[in-house]
>>> print(open('query-v5.cif').read())   # mmCIF, C-alpha atoms, pLDDT in the B column; chains and numbers go by the auth columns
data_target
#
loop_
_atom_site.group_PDB
_atom_site.id
_atom_site.type_symbol
_atom_site.label_atom_id
_atom_site.label_comp_id
_atom_site.label_asym_id
_atom_site.label_seq_id
_atom_site.Cartn_x
_atom_site.Cartn_y
_atom_site.Cartn_z
_atom_site.B_iso_or_equiv
_atom_site.auth_seq_id
_atom_site.auth_asym_id
ATOM 1 C CA MET A 1 39.735 22.624 38.800 37.00 1 A
ATOM 2 C CA THR A 2 42.264 20.698 40.892 40.00 2 A
ATOM 3 C CA SER A 3 43.775 19.133 37.775 39.00 3 A
ATOM 4 C CA VAL A 4 44.399 22.608 36.373 43.00 4 A
ATOM 5 C CA GLN A 5 46.082 23.668 39.595 42.00 5 A
ATOM 6 C CA ALA A 6 48.227 20.535 39.622 42.00 6 A
ATOM 7 C CA THR A 7 49.295 21.178 36.041 41.00 7 A
ATOM 8 C CA THR A 8 50.094 24.787 36.843 42.00 8 A
ATOM 9 C CA SER A 9 52.073 23.725 39.893 42.00 9 A
ATOM 10 C CA SER A 10 54.179 21.257 37.918 43.00 10 A
ATOM 11 C CA ALA A 11 54.747 23.859 35.186 46.00 11 A
ATOM 12 C CA GLN A 12 55.961 26.364 37.781 50.00 12 A
ATOM 13 C CA THR A 13 58.288 23.750 39.274 48.00 13 A
ATOM 14 C CA SER A 14 59.806 22.944 35.882 53.00 14 A
ATOM 15 C CA ALA A 15 60.130 26.654 35.069 54.00 15 A
ATOM 16 C CA SER A 16 61.958 27.342 38.313 59.00 16 A
ATOM 17 C CA SER A 17 64.324 24.406 37.737 67.00 17 A
ATOM 18 C CA ALA A 18 64.986 25.667 34.199 69.00 18 A
ATOM 19 C CA SER A 19 65.665 29.108 35.630 70.00 19 A
ATOM 20 C CA SER A 20 68.151 27.737 38.145 80.00 20 A
ATOM 21 C CA ASP A 21 69.753 25.669 35.364 91.00 21 A
ATOM 22 C CA ILE A 22 70.281 28.825 33.320 90.00 22 A
ATOM 23 C CA ALA A 23 71.704 30.580 36.368 90.00 23 A
ATOM 24 C CA SER A 24 74.174 27.734 36.933 93.00 24 A
ATOM 25 C CA GLN A 25 75.196 27.817 33.257 94.00 25 A
ATOM 26 C CA ILE A 26 75.768 31.564 33.518 93.00 26 A
ATOM 27 C CA SER A 27 77.886 31.014 36.609 94.00 27 A
ATOM 28 C CA ARG A 28 80.001 28.337 34.891 96.00 28 A
ATOM 29 C CA ILE A 29 80.560 30.542 31.844 95.00 29 A
ATOM 30 C CA MET A 30 81.604 33.454 34.045 95.00 30 A
ATOM 31 C CA GLN A 31 84.122 31.194 35.797 96.00 31 A
ATOM 32 C CA GLN A 32 85.490 30.011 32.442 96.00 32 A
ATOM 33 C CA ILE A 33 85.856 33.599 31.242 95.00 33 A
ATOM 34 C CA THR A 34 87.707 34.477 34.448 96.00 34 A
ATOM 35 C CA LYS A 35 90.084 31.525 34.010 96.00 35 A
ATOM 36 C CA LEU A 36 90.744 32.376 30.374 95.00 36 A
ATOM 37 C CA THR A 37 91.372 36.013 31.257 94.00 37 A
ATOM 38 C CA GLN A 38 93.917 34.893 33.847 94.00 38 A
ATOM 39 C CA GLN A 39 95.559 32.597 31.283 92.00 39 A
ATOM 40 C CA MET A 40 95.762 35.553 28.909 91.00 40 A
ATOM 41 C CA LYS A 41 97.592 37.564 31.583 90.00 41 A
ATOM 42 C CA ASP A 42 99.907 34.642 32.344 90.00 42 A
ATOM 43 C CA ILE A 43 100.893 34.272 28.690 88.00 43 A
ATOM 44 C CA SER A 44 102.405 37.745 28.560 81.00 44 A
ATOM 45 C CA GLY A 45 104.735 36.857 31.425 83.00 45 A
ATOM 46 C CA SER A 46 105.632 33.391 30.152 83.00 46 A
ATOM 47 C CA GLN A 47 108.622 32.306 28.112 85.00 47 A
ATOM 48 C CA GLY A 48 108.393 31.794 24.378 84.00 48 A
ATOM 49 C CA SER A 49 108.524 33.705 21.177 89.00 49 A
ATOM 50 C CA ALA A 50 106.358 36.732 20.656 88.00 50 A
ATOM 51 C CA GLU A 51 104.660 34.995 17.741 91.00 51 A
ATOM 52 C CA ASP A 52 103.666 31.980 19.853 90.00 52 A
ATOM 53 C CA LYS A 53 102.371 34.250 22.607 90.00 53 A
ATOM 54 C CA LYS A 54 100.324 36.204 20.113 91.00 54 A
ATOM 55 C CA LYS A 55 98.791 33.017 18.659 93.00 55 A
ATOM 56 C CA GLN A 56 97.911 31.742 22.130 93.00 56 A
ATOM 57 C CA GLN A 57 96.372 35.086 23.077 93.00 57 A
ATOM 58 C CA GLU A 58 94.311 35.111 19.862 94.00 58 A
ATOM 59 C CA LEU A 59 93.029 31.596 20.572 95.00 59 A
ATOM 60 C CA ILE A 60 92.112 32.495 24.130 94.00 60 A
ATOM 61 C CA GLN A 61 90.443 35.710 22.971 95.00 61 A
ATOM 62 C CA THR A 62 88.383 33.692 20.469 96.00 62 A
ATOM 63 C CA GLN A 63 87.286 31.359 23.267 96.00 63 A
ATOM 64 C CA ILE A 64 86.385 34.336 25.461 95.00 64 A
ATOM 65 C CA ASP A 65 84.358 35.885 22.626 96.00 65 A
ATOM 66 C CA MET A 66 82.428 32.634 22.114 97.00 66 A
ATOM 67 C CA LEU A 67 81.740 32.352 25.829 96.00 67 A
ATOM 68 C CA GLN A 68 80.558 35.957 25.959 96.00 68 A
ATOM 69 C CA ALA A 69 78.149 35.252 23.087 96.00 69 A
ATOM 70 C CA GLN A 70 76.790 32.215 24.950 96.00 70 A
ATOM 71 C CA LEU A 71 76.511 34.319 28.088 95.00 71 A
ATOM 72 C CA ALA A 72 74.507 36.976 26.248 95.00 72 A
ATOM 73 C CA GLN A 73 72.145 34.312 24.871 96.00 73 A
ATOM 74 C CA LEU A 74 71.603 32.808 28.303 95.00 74 A
ATOM 75 C CA GLN A 75 71.007 36.193 29.882 94.00 75 A
ATOM 76 C CA ASN A 76 68.443 37.016 27.189 95.00 76 A
ATOM 77 C CA LYS A 77 66.743 33.676 27.747 94.00 77 A
ATOM 78 C CA GLN A 78 66.719 34.267 31.491 93.00 78 A
ATOM 79 C CA ALA A 79 65.184 37.709 31.003 93.00 79 A
ATOM 80 C CA GLN A 80 62.518 36.308 28.675 93.00 80 A
ATOM 81 C CA GLU A 81 61.634 33.589 31.166 92.00 81 A
ATOM 82 C CA ALA A 82 61.405 36.142 33.970 91.00 82 A
ATOM 83 C CA GLN A 83 59.147 38.308 31.843 92.00 83 A
ATOM 84 C CA GLN A 84 56.975 35.332 30.928 92.00 84 A
ATOM 85 C CA LYS A 85 56.780 34.296 34.568 89.00 85 A
ATOM 86 C CA ALA A 86 55.715 37.809 35.563 87.00 86 A
ATOM 87 C CA GLN A 87 53.036 37.809 32.866 86.00 87 A
ATOM 88 C CA GLU A 88 51.750 34.403 33.978 84.00 88 A
ATOM 89 C CA LYS A 89 51.666 35.607 37.562 81.00 89 A
ATOM 90 C CA GLN A 90 49.762 38.719 36.537 78.00 90 A
ATOM 91 C CA GLN A 91 47.267 36.654 34.542 76.00 91 A
ATOM 92 C CA ALA A 92 46.844 34.194 37.402 69.00 92 A
ATOM 93 C CA SER A 93 46.185 37.019 39.829 68.00 93 A
ATOM 94 C CA LYS A 94 43.274 38.298 37.770 64.00 94 A
ATOM 95 C CA ALA A 95 40.012 37.375 39.442 56.00 95 A
ATOM 96 C CA GLU A 96 37.722 35.035 37.600 59.00 96 A
ATOM 97 C CA GLY A 97 33.969 34.920 37.802 56.00 97 A
ATOM 98 C CA VAL A 98 30.792 36.608 36.718 57.00 98 A
ATOM 99 C CA ASN A 99 31.455 39.890 38.522 63.00 99 A
ATOM 100 C CA ASN A 100 34.762 40.487 36.788 64.00 100 A
ATOM 101 C CA PRO A 101 34.250 41.522 33.189 62.00 101 A
ATOM 102 C CA SER A 102 36.692 40.526 30.525 66.00 102 A
ATOM 103 C CA ALA A 103 36.715 40.478 26.741 70.00 103 A
ATOM 104 C CA ASP A 104 35.085 37.044 26.841 71.00 104 A
ATOM 105 C CA HIS A 105 32.482 37.899 29.474 66.00 105 A
ATOM 106 C CA GLN A 106 30.673 41.039 28.394 71.00 106 A
ATOM 107 C CA ILE A 107 26.988 41.733 28.401 72.00 107 A
ATOM 108 C CA ASP A 108 25.424 44.322 26.162 73.00 108 A
ATOM 109 C CA ILE A 109 22.436 45.989 27.800 80.00 109 A
ATOM 110 C CA TYR A 110 19.914 47.874 25.693 84.00 110 A
ATOM 111 C CA ILE A 111 17.250 50.079 27.234 81.00 111 A
#
>>> encode(input="query-v5.cif", output="structure tokens")
Amino acid sequence: MTSVQATTSSAQTSASSASSDIASQISRIMQQITKLTQQMKDISGSQGSAEDKKKQQELIQTQIDMLQAQLAQLQNKQAQEAQQKAQEKQQASKAEGVNNPSADHQIDIYI
């Protein structure tokens, strides 16, 4: 039984580190989007031809779109991991033993 608990403990530790890794990736992407948005604003006030400005804005918008797609993927992954963690917690909280019936531990009594 202790080996099962040790395995569960290490799995929870790796899950929490993966969760914090996703959170840090989300944070970095948000910072990049903020920087690119600021660059987009700065382009409109900079010198240069309208055509060059438009090309730069299109490139930056493409980068922002890609980052937003990555952000959506990470947020979905984070939500899935949170849901899985909640399910594992719920399953772990279920009492085990002979006095707690489950699909595997049923007794049919005929009188």
>>> resolve_selection(input="query-v5.cif", expression="the PyMOL selection byres ((chain A and resi 62-70) around 10)", output="VMD selection string")
chain A and resid 25 to 26 29 to 30 32 to 37 56 to 61 71 to 76
>>> atom_distance(input="query-v5.cif", atom1="CA of Gln83 (chain A)", atom2="CA of Asp104 (chain A)")
24.6 Å
>>> atom_distance(input="query-v5.cif", atom1="CA of Gln39 (chain A)", atom2="CA of Lys77 (chain A)")
29.1 Å
>>> axis_aligned_box(input="query-v5.cif", around="region 29-44 of chain A", padding_each_side="4 Å", output="lines of an AutoDock Vina configuration file")
center_x = 91.5
center_y = 33.9
center_z = 32.2
size_x = 29.8
size_y = 15.7
size_z = 15.2
>>> atom_distance(input="query-v5.cif", atom1="CA of Gln91 (chain A)", atom2="CA of Asp108 (chain A)")
24.6 Å
